[in-house]
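Note: the block below is protein-v7.cif and it holds mmCIF, C-alpha atoms.
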data_upload
loop_
_atom_site.label_atom_id
_atom_site.label_comp_id
_atom_site.auth_asym_id
_atom_site.auth_seq_id
_atom_site.Cartn_x
_atom_site.Cartn_y
_atom_site.Cartn_z
CA MET L 18 0.00 0.00 0.00
CA LYS L 19 2.85 2.32 0.98
CA ILE L 20 4.51 1.67 -2.38
CA TYR L 21 1.34 2.76 -4.24
CA THR L 22 1.03 5.91 -2.13
CA LYS L 23 4.67 6.79 -2.85
CA LEU L 24 4.14 6.16 -6.58
CA ILE L 25 1.03 8.36 -6.72
CA ILE L 26 2.80 11.13 -4.79
CA THR L 27 5.80 10.91 -7.18
CA ILE L 28 3.55 11.06 -10.26
CA LEU L 29 1.61 14.00 -8.80
CA ALA L 30 4.88 15.76 -7.94
CA ILE L 31 6.13 15.28 -11.53
CA ILE L 32 2.84 16.58 -12.99
CA ILE L 33 2.76 19.60 -10.65
CA GLY L 34 6.46 20.24 -11.31
CA TYR L 35 5.90 20.10 -15.06
CA PHE L 36 2.97 22.55 -14.92
CA VAL L 37 4.92 24.94 -12.70
CA CYS L 38 7.88 24.83 -15.10
CA ALA L 39 5.60 25.14 -18.16
CA ASN L 40 3.92 28.20 -16.65
CA ALA L 41 7.30 29.71 -15.86
CA GLY L 42 8.32 29.13 -19.47
CA LEU L 43 11.09 26.71 -18.58
CA LEU L 44 9.38 23.82 -20.39
CA PRO L 45 7.07 23.88 -23.40
CA SER L 46 3.35 23.58 -22.63
CA ILE L 47 1.47 20.44 -23.80
CA LYS L 48 -0.26 22.60 -26.44
CA GLY L 49 3.12 24.02 -27.45
CA LEU L 50 4.62 20.58 -27.98
CA PHE L 51 2.42 19.99 -31.03
CA LYS L 52 1.99 23.59 -32.11
CA GLU L 53 3.61 24.62 -35.41
CA LYS L 54 6.54 26.90 -34.93
CA GLU L 55 6.52 30.26 -36.60
CA ILE L 56 8.70 30.38 -39.72
CA GLN L 57 11.80 32.44 -39.23
CA LEU L 58 14.16 33.56 -41.94
CA LYS L 59 17.81 32.92 -41.22
CA GLU L 60 20.41 35.53 -42.04
CA THR L 61 20.36 35.82 -45.83
CA VAL L 62 22.89 37.33 -48.16
CA LEU L 63 21.75 39.38 -51.11
CA ILE L 64 24.19 39.49 -54.01
CA LEU L 65 23.85 42.11 -56.69
CA GLU L 66 24.90 40.45 -59.95
CA ASP L 67 24.34 43.22 -62.44
CA VAL L 68 22.83 46.66 -62.87
CA LYS L 69 21.42 47.12 -66.34
CA SER L 70 20.91 50.50 -67.87
CA ILE L 71 17.37 50.84 -69.23
CA SER L 72 15.53 53.66 -70.95
CA GLN L 73 11.96 52.61 -70.42
CA PHE L 74 9.25 55.17 -70.11
CA PHE L 75 6.42 53.73 -67.98
CA THR L 76 3.26 55.73 -68.50
CA ALA L 77 0.38 53.47 -67.40
CA THR L 78 -0.13 50.67 -64.91
CA ALA L 79 -3.00 48.20 -64.64
CA TYR L 80 -3.76 46.16 -61.55
CA GLU L 81 -5.47 42.88 -62.33
CA VAL L 82 -6.67 39.97 -60.21
CA ILE L 83 -7.22 36.46 -61.54
CA ALA L 84 -8.13 33.14 -59.98
CA ILE L 85 -6.54 30.02 -61.41
CA ASP L 86 -8.52 26.88 -60.75
CA THR L 87 -6.64 23.72 -61.72
CA ILE L 88 -7.81 20.11 -61.50
CA LYS L 89 -5.79 16.96 -62.11
CA GLN L 90 -6.58 13.28 -61.76
CA ILE L 91 -4.66 11.40 -59.08
CA SER L 92 -4.57 7.69 -58.23
CA LYS L 93 -6.90 6.66 -55.44
CA SER L 94 -5.48 4.99 -52.38
CA THR L 95 -5.63 1.14 -52.52
CA ILE L 96 -8.33 0.93 -49.84
CA MET L 97 -10.56 3.46 -51.59
CA SER L 98 -10.08 1.92 -55.04
CA VAL L 99 -11.43 -1.44 -53.75
CA PHE L 100 -14.87 0.13 -53.17
CA SER L 101 -14.96 2.14 -56.38
CA LYS L 102 -14.82 1.37 -60.10
CA SER L 103 -12.70 4.43 -60.87
CA LYS L 104 -9.01 4.21 -60.07
CA THR L 105 -8.53 7.97 -60.05
CA GLU L 106 -10.03 10.97 -58.28
CA PRO L 107 -9.81 14.71 -58.92
CA SER L 108 -7.40 16.91 -57.02
CA ARG L 109 -7.96 20.66 -57.03
CA PHE L 110 -5.67 23.66 -56.64
CA VAL L 111 -6.96 27.23 -56.57
CA ILE L 112 -4.70 30.25 -56.42
CA LEU L 113 -5.41 33.97 -56.59
CA ALA L 114 -2.89 36.18 -58.39
CA LYS L 115 -2.81 39.95 -58.09
CA GLY L 116 -0.66 41.32 -60.88
CA LYS L 117 0.67 44.67 -61.94
CA CYS L 118 1.10 45.31 -65.63
CA MET L 119 3.17 48.31 -66.71
CA ALA L 120 3.08 49.74 -70.20
CA GLY L 121 5.00 52.44 -71.98
CA LYS L 122 7.84 52.92 -74.42
CA ASP L 123 11.35 51.66 -74.76
CA LEU L 124 13.18 54.85 -75.66
CA SER L 125 16.67 53.34 -75.80
CA ASN L 126 16.73 53.28 -79.61
CA ILE L 127 15.69 56.88 -80.26
CA LYS L 128 18.13 58.35 -82.78
CA THR L 129 19.01 61.93 -83.68
CA GLU L 130 16.84 61.75 -86.83
CA ASP L 131 13.81 60.86 -84.67
CA ILE L 132 13.81 64.35 -83.17
CA VAL L 133 13.35 67.06 -85.81
CA VAL L 134 13.64 70.67 -84.68
CA LYS L 135 12.54 73.64 -86.80
CA ASP L 136 12.55 77.03 -85.07
CA SER L 137 10.21 76.65 -82.10
CA CYS L 138 8.61 73.47 -83.43
CA VAL L 139 9.71 69.95 -82.59
CA SER L 140 8.60 66.65 -84.04
CA ILE L 141 9.47 63.41 -82.31
CA THR L 142 8.99 59.89 -83.59
CA ILE L 143 8.61 57.30 -80.85
CA PRO L 144 8.24 53.51 -80.94
CA LYS L 145 5.00 51.63 -80.45
CA THR L 146 3.59 51.36 -76.93
CA LYS L 147 4.03 47.93 -75.41
CA ILE L 148 3.72 46.03 -72.16
CA LEU L 149 7.11 46.60 -70.55
CA THR L 150 6.70 44.38 -67.53
CA THR L 151 4.17 42.23 -65.71
CA ILE L 152 4.79 41.76 -62.01
CA VAL L 153 3.34 39.05 -59.81
CA ASN L 154 5.60 38.73 -56.79
CA PRO L 155 5.30 35.99 -54.12
CA SER L 156 3.25 38.34 -51.92
CA ASP L 157 0.76 38.74 -54.78
CA PHE L 158 -0.22 35.06 -54.68
CA GLU L 159 -2.79 33.64 -52.31
CA ILE L 160 -3.42 29.90 -52.19
CA TYR L 161 -7.10 29.13 -51.59
CA ILE L 162 -7.45 25.41 -52.16
CA ASP L 163 -4.59 22.94 -51.92
CA ASP L 164 -5.42 19.36 -51.02
CA GLY L 165 -1.76 18.48 -50.62
CA ASN L 166 -1.36 16.59 -53.90
CA TRP L 167 0.46 19.37 -55.72
CA SER L 168 4.23 19.45 -55.82
CA ASN L 169 6.23 22.65 -55.53
CA GLU L 170 7.19 22.38 -59.21
CA GLU L 171 3.55 22.03 -60.26
CA VAL L 172 2.60 25.09 -58.19
CA LYS L 173 5.49 27.00 -59.71
CA GLY L 174 4.18 26.10 -63.18
CA ILE L 175 0.69 27.32 -62.25
CA LYS L 176 2.13 30.58 -60.93
CA VAL L 177 4.03 31.14 -64.19
CA THR L 178 0.81 30.69 -66.19
CA ALA L 179 -0.74 33.61 -64.26
CA LEU L 180 1.41 36.19 -66.06
CA LYS L 181 -0.12 35.90 -69.54
CA PRO L 182 -3.82 36.20 -68.52
CA ILE L 183 -2.96 39.25 -66.39
CA GLU L 184 -1.28 40.82 -69.42
CA LEU L 185 -4.27 40.01 -71.64
CA LEU L 186 -6.71 41.43 -69.07
CA ALA L 187 -4.67 44.63 -68.90
CA ILE L 188 -4.73 44.91 -72.69
CA SER L 189 -8.50 44.38 -72.76
CA ASP L 190 -8.76 47.18 -70.16
CA GLU L 191 -7.13 49.46 -72.78
CA LEU L 192 -3.82 49.77 -70.96
CA LEU L 193 -1.87 50.27 -74.21
CA LYS L 194 -4.21 53.03 -75.37
CA LYS L 195 -3.98 54.79 -72.01
CA ALA L 196 -0.18 54.47 -71.97
CA SER L 197 0.06 55.84 -75.51
CA GLU L 198 -2.10 58.87 -74.73
CA ARG L 199 -0.20 59.54 -71.51
CA THR L 200 3.16 59.31 -73.31
CA LYS L 201 2.05 61.87 -75.89
CA LEU L 202 0.79 64.20 -73.15
CA LEU L 203 3.94 63.91 -71.03
CA LEU L 204 6.33 64.38 -73.97
CA THR L 205 4.34 67.40 -75.20
CA GLN L 206 4.47 68.92 -71.69
CA PHE L 207 8.20 68.20 -71.44
CA PHE L 208 9.11 69.79 -74.79
CA LYS L 209 6.86 72.80 -74.11
CA SER L 210 8.51 73.26 -70.71
CA ILE L 211 11.91 73.57 -72.38
CA GLY L 212 10.74 76.26 -74.76
CA PHE L 213 9.11 74.66 -77.82
CA LYS L 214 5.83 76.23 -78.96
CA GLN L 215 4.60 73.38 -81.12
CA VAL L 216 5.17 69.72 -80.38
CA THR L 217 4.25 66.83 -82.66
CA VAL L 218 4.54 63.30 -81.32
CA ILE L 219 4.42 60.57 -83.96
CA GLU L 220 3.98 57.00 -82.82
CA ILE L 221 5.23 54.24 -85.11
CA GLU L 222 2.45 51.72 -85.68
CA MET X 28 15.58 66.54 -61.56
CA PRO X 29 14.14 64.55 -58.62
CA LEU X 30 16.23 61.81 -57.03
CA GLY X 31 15.97 58.31 -58.44
CA LYS X 32 14.01 55.71 -56.54
CA ILE X 33 13.08 52.05 -56.80
CA ILE X 34 9.68 51.97 -58.46
CA SER X 35 9.13 48.24 -58.70
CA LEU X 36 10.49 44.86 -57.72
CA ASN X 37 9.86 41.94 -60.02
CA ILE X 38 10.48 38.40 -58.77
CA THR X 39 9.08 36.09 -61.43
CA PRO X 40 7.84 32.69 -60.18
CA ASP X 41 10.13 30.76 -62.55
CA GLU X 42 13.20 32.42 -61.07
CA ILE X 43 12.51 31.06 -57.58
CA LYS X 44 14.16 27.74 -56.88
CA VAL X 45 13.92 25.45 -53.87
CA LEU X 46 17.54 24.41 -53.33
CA PHE X 47 17.18 22.39 -50.16
CA SER X 48 14.23 21.08 -48.18
CA GLU X 49 14.35 18.67 -45.25
CA THR X 50 11.88 17.97 -42.48
CA SER X 51 12.21 15.75 -39.43
CA LEU X 52 10.31 12.44 -39.22
CA LEU X 53 7.69 13.87 -36.87
CA ARG X 54 6.88 16.84 -39.11
CA ASN X 55 4.96 17.10 -42.37
CA ASN X 56 6.75 18.37 -45.45
CA PHE X 57 6.51 22.05 -46.21
CA SER X 58 3.09 22.75 -47.70
CA ASN X 59 2.74 25.01 -50.73
CA LYS X 60 1.27 27.68 -48.45
CA LYS X 61 4.34 27.47 -46.21
CA ILE X 62 6.69 27.68 -49.22
CA ASN X 63 4.79 30.75 -50.40
CA THR X 64 5.13 32.29 -46.92
CA ILE X 65 8.90 31.71 -47.07
CA GLN X 66 9.02 33.31 -50.51
CA ILE X 67 7.09 36.34 -49.20
CA MET X 68 9.61 36.65 -46.38
CA GLY X 69 12.40 36.50 -48.96
CA GLU X 70 10.71 39.20 -51.00
CA LYS X 71 10.47 41.47 -47.92
CA ASP X 72 14.12 40.78 -47.16
CA ILE X 73 15.17 41.73 -50.70
CA LYS X 74 13.12 44.95 -50.50
CA LEU X 75 14.91 45.82 -47.29
CA LYS X 76 18.43 44.91 -48.37
CA ILE X 77 18.31 46.29 -51.91
CA LYS X 78 18.52 49.77 -50.41
CA ASN X 79 22.11 49.06 -49.36
CA PHE X 80 23.25 48.72 -52.97
CA GLU X 81 22.60 52.36 -53.75
CA ILE X 82 20.98 51.58 -57.10
CA GLU X 83 19.45 55.05 -56.90
CA LEU X 84 22.89 56.56 -57.58
CA GLU X 85 23.28 54.48 -60.74
CA THR X 86 19.70 55.41 -61.72
CA ALA X 87 20.42 59.12 -61.30
CA LYS X 88 23.53 58.79 -63.47
CA ASN X 89 21.62 56.96 -66.24
CA ALA X 90 18.68 59.36 -66.10
CA LYS X 91 21.08 62.29 -66.37
CA ASN X 92 22.80 60.76 -69.41
CA PHE X 93 19.46 60.00 -71.03
CA LEU X 94 18.08 63.50 -70.53
CA ASP X 95 21.36 65.07 -71.63
CA LYS X 96 21.24 63.04 -74.88
CA TRP X 97 17.62 63.99 -75.57
CA LEU X 98 18.15 67.68 -74.92
CA ARG X 99 21.23 67.76 -77.17
CA MET X 100 19.24 65.97 -79.90
CA SER X 101 16.61 68.70 -79.48
CA GLY X 102 19.18 71.35 -80.30
CA PHE X 103 20.55 72.41 -76.94
CA LYS X 104 24.31 73.03 -76.92
CA GLU X 105 24.90 73.11 -73.18
CA VAL X 106 22.94 71.03 -70.71
CA ILE X 107 23.20 71.30 -66.92
CA ILE X 108 21.21 68.80 -64.87
CA ASN X 109 21.11 69.08 -61.10
#
Rewritten as structure tokens:
Amino acid sequence: MKIYTKLIITILAIIIGYFVCANAGLLPSIKGLFKEKEIQLKETVLILEDVKSISQFFTATAYEVIAIDTIKQISKSTIMSVFSKSKTEPSRFVILAKGKCMAGKDLSNIKTEDIVVKDSCVSITIPKTKILTTIVNPSDFEIYIDDGNWSNEEVKGIKVTALKPIELLAISDELLKKASERTKLLLTQFFKSIGFKQVTVIEIE
Amino acid sequence: MPLGKIISLNITPDEIKVLFSETSLLRNNFSNKKINTIQIMGEKDIKLKIKNFEIELETAKNAKNFLDKWLRMSGFKEVIIN
């Protein structure tokens, strides 16, 4: 009997001791043992490989949001396939992408003959407006549905496919037209501010 | 001329590579959501550290050269950009 009493007292002492230590923060709590730890970034090194000189004139930006819903067929587990005729089942992945599409002109190839000056009049020939960049950074993606059957490479592939639809949406929202008009306005204002009375901006089609 | 500044950061999904991934026996592998969280943290880190490279100085130099070239093409003989 004495042995049992001693054993119970020892167990109680261990339990009480553990809770006291857990409350004091010396030991992890029971909840904390199974809790996911917060992700922490270790000291990272950023290396600058190259600085390119660009002459891009960004004049309009479109912000677009798309949802990519992808389904693939995966093999059913052996237990499940016994009760079903079909050997596969669908697996779904849904991701939201918020992209920024920037349009304007690449002015790096403007030559002397593209700017014609006559007294107080100037005529400038500029290239066609185009999409200069489409940005969808990691923080612009939001995963909504992921049943765990999608590899990192597959997700990467889905993320890459987001760029083109964002670009197409921006074009359908008349981004190129807006960028073209804005370029003409800004160049006219610029040349007038440096003393020209008449400014003609010609855009190559 | 105003000072140069970083106007955008573009990290395309195909340029991000997972070089090493290992989890202990008692843990699940990194989910896609977790990997995305790590990438977001990396993006924030780049935004923070890129300032140390003083790209703005290079930008100011390029912008100055560009404007100088344009103004000379427009007939100006002497160009001073501050």
Worksheet item: Using only C-alpha atoms, which of L:Lys201, L:Lys93, L:Lys128, L:Lys147 sits nearest Phe93 (chain X)?
Response: L:Lys128
Counting all atoms listed in the file, what are the residues of chain X within 10 Å of chain L, and for each of them which pair of atoms is the nearest and at what distance in Å, to one decimal? Sort the table by chain and rising number, as JSON lines.
{"residue": "X:Ser35", "atom": "CA", "partner": "L:Ile152", "partner_atom": "CA", "distance": 8.5}
{"residue": "X:Leu36", "atom": "CA", "partner": "L:Ile152", "partner_atom": "CA", "distance": 7.8}
{"residue": "X:Asn37", "atom": "CA", "partner": "L:Ile152", "partner_atom": "CA", "distance": 5.4}
{"residue": "X:Ile38", "atom": "CA", "partner": "L:Asn154", "partner_atom": "CA", "distance": 5.3}
{"residue": "X:Thr39", "atom": "CA", "partner": "L:Asn154", "partner_atom": "CA", "distance": 6.4}
{"residue": "X:Pro40", "atom": "CA", "partner": "L:Val177", "partner_atom": "CA", "distance": 5.7}
{"residue": "X:Asp41", "atom": "CA", "partner": "L:Val177", "partner_atom": "CA", "distance": 6.3}
{"residue": "X:Glu42", "atom": "CA", "partner": "L:Lys173", "partner_atom": "CA", "distance": 9.5}
{"residue": "X:Ile43", "atom": "CA", "partner": "L:Lys173", "partner_atom": "CA", "distance": 8.4}
{"residue": "X:Lys44", "atom": "CA", "partner": "L:Glu170", "partner_atom": "CA", "distance": 9.1}
{"residue": "X:Val45", "atom": "CA", "partner": "L:Asn169", "partner_atom": "CA", "distance": 8.4}
{"residue": "X:Leu53", "atom": "CA", "partner": "L:Phe51", "partner_atom": "CA", "distance": 10.0}
{"residue": "X:Arg54", "atom": "CA", "partner": "L:Glu53", "partner_atom": "CA", "distance": 9.2}
{"residue": "X:Asn56", "atom": "CA", "partner": "L:Gly165", "partner_atom": "CA", "distance": 10.0}
{"residue": "X:Phe57", "atom": "CA", "partner": "L:Asn169", "partner_atom": "CA", "distance": 9.3}
{"residue": "X:Ser58", "atom": "CA", "partner": "L:Gly165", "partner_atom": "CA", "distance": 7.1}
{"residue": "X:Asn59", "atom": "CA", "partner": "L:Asn169", "partner_atom": "CA", "distance": 6.4}
{"residue": "X:Lys60", "atom": "CA", "partner": "L:Ile160", "partner_atom": "CA", "distance": 6.4}
{"residue": "X:Lys61", "atom": "CA", "partner": "L:Ile56", "partner_atom": "CA", "distance": 8.3}
{"residue": "X:Ile62", "atom": "CA", "partner": "L:Asn169", "partner_atom": "CA", "distance": 8.1}
{"residue": "X:Asn63", "atom": "CA", "partner": "L:Pro155", "partner_atom": "CA", "distance": 6.4}
{"residue": "X:Thr64", "atom": "CA", "partner": "L:Ser156", "partner_atom": "CA", "distance": 8.1}
{"residue": "X:Ile65", "atom": "CA", "partner": "L:Ile56", "partner_atom": "CA", "distance": 7.5}
{"residue": "X:Gln66", "atom": "CA", "partner": "L:Pro155", "partner_atom": "CA", "distance": 5.8}
{"residue": "X:Ile67", "atom": "CA", "partner": "L:Ser156", "partner_atom": "CA", "distance": 5.1}
{"residue": "X:Met68", "atom": "CA", "partner": "L:Leu58", "partner_atom": "CA", "distance": 7.1}
{"residue": "X:Gly69", "atom": "CA", "partner": "L:Leu58", "partner_atom": "CA", "distance": 7.8}
{"residue": "X:Glu70", "atom": "CA", "partner": "L:Pro155", "partner_atom": "CA", "distance": 7.0}
{"residue": "X:Lys71", "atom": "CA", "partner": "L:Ser156", "partner_atom": "CA", "distance": 8.8}
{"residue": "X:Asp72", "atom": "CA", "partner": "L:Thr61", "partner_atom": "CA", "distance": 8.1}
{"residue": "X:Ile73", "atom": "CA", "partner": "L:Leu63", "partner_atom": "CA", "distance": 7.0}
{"residue": "X:Lys76", "atom": "CA", "partner": "L:Leu63", "partner_atom": "CA", "distance": 7.0}
{"residue": "X:Ile77", "atom": "CA", "partner": "L:Leu63", "partner_atom": "CA", "distance": 7.8}
{"residue": "X:Asn79", "atom": "CA", "partner": "L:Leu63", "partner_atom": "CA", "distance": 9.8}
{"residue": "X:Phe80", "atom": "CA", "partner": "L:Leu65", "partner_atom": "CA", "distance": 7.6}
{"residue": "X:Ile82", "atom": "CA", "partner": "L:Val68", "partner_atom": "CA", "distance": 7.8}
{"residue": "X:Glu85", "atom": "CA", "partner": "L:Val68", "partner_atom": "CA", "distance": 8.1}
{"residue": "X:Thr86", "atom": "CA", "partner": "L:Ser70", "partner_atom": "CA", "distance": 8.0}
{"residue": "X:Lys88", "atom": "CA", "partner": "L:Ser70", "partner_atom": "CA", "distance": 9.7}
{"residue": "X:Asn89", "atom": "CA", "partner": "L:Ser70", "partner_atom": "CA", "distance": 6.7}
{"residue": "X:Ala90", "atom": "CA", "partner": "L:Ser72", "partner_atom": "CA", "distance": 8.1}
{"residue": "X:Phe93", "atom": "CA", "partner": "L:Ser72", "partner_atom": "CA", "distance": 7.5}
{"residue": "X:Lys96", "atom": "CA", "partner": "L:Thr129", "partner_atom": "CA", "distance": 9.1}
{"residue": "X:Trp97", "atom": "CA", "partner": "L:Thr129", "partner_atom": "CA", "distance": 8.5}
{"residue": "X:Leu98", "atom": "CA", "partner": "L:Ile211", "partner_atom": "CA", "distance": 8.9}
{"residue": "X:Arg99", "atom": "CA", "partner": "L:Thr129", "partner_atom": "CA", "distance": 9.0}
{"residue": "X:Met100", "atom": "CA", "partner": "L:Thr129", "partner_atom": "CA", "distance": 5.5}
{"residue": "X:Ser101", "atom": "CA", "partner": "L:Val134", "partner_atom": "CA", "distance": 6.3}
{"residue": "X:Gly102", "atom": "CA", "partner": "L:Val134", "partner_atom": "CA", "distance": 7.1}
{"residue": "X:Phe103", "atom": "CA", "partner": "L:Ile211", "partner_atom": "CA", "distance": 9.8}
Discussion item. Taking 3 positions as the minimum chain separation for residues in the same chain, which residues sit within 12 Å of Asn109 (chain X) when counting all atoms listed in the file? Answer as an MDAnalysis selection string.
Written reply: chainID X and resid 28:30 87:88 90:92 94:95 106
Worksheet item: Suppose you want the space between CA of Gly42 (chain L) and CA of Ile28 (chain L); what is it in Å?
Response: 20.8 Å
Residues at most 12 Å from Leu185 (chain L), counting only C-alpha atoms, excluding those fewer than 4 positions away in the same chain, as a PDB file with C-alpha atoms, in the coordinates of the input?
ATOM      1  CA  ALA L  79      -3.000  48.200 -64.640  1.00  0.00           C
ATOM      2  CA  TYR L  80      -3.760  46.160 -61.550  1.00  0.00           C
ATOM      3  CA  GLU L  81      -5.470  42.880 -62.330  1.00  0.00           C
ATOM      4  CA  VAL L  82      -6.670  39.970 -60.210  1.00  0.00           C
ATOM      5  CA  ILE L  83      -7.220  36.460 -61.540  1.00  0.00           C
ATOM      6  CA  GLY L 116      -0.660  41.320 -60.880  1.00  0.00           C
ATOM      7  CA  LYS L 117       0.670  44.670 -61.940  1.00  0.00           C
ATOM      8  CA  CYS L 118       1.100  45.310 -65.630  1.00  0.00           C
ATOM      9  CA  ILE L 148       3.720  46.030 -72.160  1.00  0.00           C
ATOM     10  CA  THR L 151       4.170  42.230 -65.710  1.00  0.00           C
ATOM     11  CA  THR L 178       0.810  30.690 -66.190  1.00  0.00           C
ATOM     12  CA  ALA L 179      -0.740  33.610 -64.260  1.00  0.00           C
ATOM     13  CA  LEU L 180       1.410  36.190 -66.060  1.00  0.00           C
ATOM     14  CA  LYS L 181      -0.120  35.900 -69.540  1.00  0.00           C
ATOM     15  CA  SER L 189      -8.500  44.380 -72.760  1.00  0.00           C
ATOM     16  CA  ASP L 190      -8.760  47.180 -70.160  1.00  0.00           C
ATOM     17  CA  GLU L 191      -7.130  49.460 -72.780  1.00  0.00           C
ATOM     18  CA  LEU L 192      -3.820  49.770 -70.960  1.00  0.00           C
ATOM     19  CA  LEU L 193      -1.870  50.270 -74.210  1.00  0.00           C
TER      20      LEU L 193
END
Practice prompt. Given the file shown, enumerate the residues that the PyMOL selection byres ((chain X and resi 32) around 6) captures and present them as a ChimeraX atom specification.
Written response: /X:31,33,83
Could those residues be written to a file, using C-alpha atoms, as a compact mmCIF listing (two decimals), in the frame of the given file?
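Wrote part-v3.txt, looks like this:
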# COMPACT_ATOMS: atom_id res chain seq x y z
CA GLY X 31 15.97 58.31 -58.44
CA ILE X 33 13.08 52.05 -56.80
CA GLU X 83 19.45 55.05 -56.90
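Across the structure, CA of Ile188 (chain L) and CA of Ala120 (chain L) are spaced 9.5 Å apart.
Atom pair CA of Leu75 (chain X) / CA of Leu113 (chain L): separated by 25.3 Å.
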Centre and edge lengths of an axis-aligned box around all listed atoms of region 167-173 of chain L, with 4 Å added on each side, are to be given in Å to one decimal, as lines of an AutoDock Vina configuration file.
center_x = 3.8
center_y = 23.2
center_z = -57.9
size_x = 14.7
size_y = 15.6
size_z = 12.7
